[in-house]
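To start, the structure under review is shown below, and the notes come after it.
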Amino acid sequence: MISLSMFRGVWRYRGFVLGSVKREFQSKYRNSLFGALWTILNPLAMITVYTVIFSEVMGSRLQGVNSTFAYSIYLCAGALTWGLFAEITTRAQTVFIENANLIKKLQFPRICLPIIVVLNACVNFAIIFGLFTAFLVWSGTFPGAVYLLLFPVLALQILFSIGLGMVLGVLNVFFRDVGQFFGILLQFWFWFTPIVYPVTALPKAIRELLVFNPMAAVIGAYQTILVHGRAPDWASMLPILVLTVLCCLMGLLLFRKRSGEMVDEL
């Protein structure tokens with residue numbers, strides 16, 4: 001009932017939400033010579049570097065996969081989707097602080113702010129991943145119908161990201177060290193997730209610890225679909241599904257109980 005009343009408010013302010021997303025996208029490239037073209041050039045450059053350096057120059061290969069582009073696809077599948085996770089969580093943890101003046105001056109459902117963060121991140125991701133998909137088609141490595149299985153994985157990742165981001169965002173208002181600590185944690189988290197290296201490169205003892213890394217299952221699901229062209233191990237996704245539900249509930253509960261105090265703290 002609580003969440004329904006919150007999201008009814010969001011629906012009434014949908015113009016404000018969509019307008020904010022549009023303004024942020026435009027402001028990012030307002031004084032740029034190439035404008036929004038940079039949203040295409042940056043990921044295109046990254047995909048090119050991964051393909052040329054790792055596939056052609058270094059000759060990197062994945063066990064059991066013969067494709068020339070397998071390693072670059074493996075890297076992109078992990079790096080692009082990790083970028084979405086990092087963007088949502090990093091921006092969500094500071095969203096209330098950055099919009100302090102707006103919160104104090106205007107009356108609107110403050111839950112709109114995390115939603116704006118998610119929509120902005122999804123717009124950027126859609127452009128980048130769209131280019132990556134075009135690369136898959138061009139290179140003849142498009143996985144086919146199994147590609148559709150990306151969407152439930154993506155939905156789970158987004159919910160986990162914003163659930164965690166909201167918890168961090170509320171806590172960061174009262175304890176500013178939270179944001180600093182998470183920035184450091186995120187760097188270690190990245191390297192503890194098989195993105196630039198295959199899981200098989202890890203010692204067995206370290207590999208067993210990946211069960212405690214929720215993003216390892218998510219990134220692994222993307223890589224299984226895009227590199228190997230098969231459905232991921234859905235059973236391995238159950239822990240992050242439970243964690244996602246807990247994070248979202250905790251985020252909404254914290255937000256509901258502390259939203260009034262946040263105004264005073266800001």
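In the structure tokens, each chain is lettered A, B, ... as it comes, each chain's residues begin at 1, and ligands are numbered from 1 in order of appearance.
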(request) With a distance cut-off of 9 Å and only C-alpha atoms, select the neighbouring residues of region 108-117 of chain A, excluding the residue or stretch itself and same-chain residues fewer than 4 positions from it, and output the selection as a PyMOL selection string. (result) chain A and resi 6-7+9-10+13-14+16-18+20-21+87-88+91-92+95-96+99+103+121-122+162+165-166+169+252+255+259
(message) as a ChimeraX atom specification, please: the residues near region 123-125 of chain A (cut-off 9 Å, only C-alpha atoms, same-chain neighbours under 3 positions excluded).
(response) /A:21,25,39,80-81,83-84,118-120,128-130
How close does region 75-127 of chain A get to region 226-247 of chain A? List, as a Markdown table, each residue of region 75-127 of chain A within 12 Å, its nearest atom pair and the distance in Å to one decimal, counting only C-alpha atoms.
| residue | atom | partner | partner_atom | distance |
| --- | --- | --- | --- | --- |
| A:Leu75 | CA | A:Val227 | CA | 9.8 |
| A:Cys76 | CA | A:Leu226 | CA | 9.7 |
| A:Ala77 | CA | A:Leu226 | CA | 7.1 |
| A:Gly78 | CA | A:Leu226 | CA | 10.1 |
With N, CA and C atoms retained, write the just-selected residues as a compact mmCIF listing (two decimals), in the first residue's frame.
# COMPACT_ATOMS: atom_id res chain seq x y z
N LEU A 75 34.32 -9.19 -22.88
CA LEU A 75 34.67 -7.94 -22.19
C LEU A 75 33.54 -6.92 -22.26
N CYS A 76 32.99 -6.73 -23.44
CA CYS A 76 31.92 -5.74 -23.61
C CYS A 76 30.68 -6.14 -22.82
N ALA A 77 30.33 -7.43 -22.86
CA ALA A 77 29.15 -7.90 -22.13
C ALA A 77 29.27 -7.60 -20.65
N GLY A 78 30.48 -7.74 -20.11
CA GLY A 78 30.69 -7.44 -18.70
C GLY A 78 30.85 -5.97 -18.41
(request) Check the smallest atom-to-atom distance from each of A:Ile73, A:Val170, A:Ile184, A:Ala205 to Thr224 (chain A) using only C-alpha atoms, then report the winner. (result)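 Smallest separation from Thr224 (chain A) among the options: A:Ile73.
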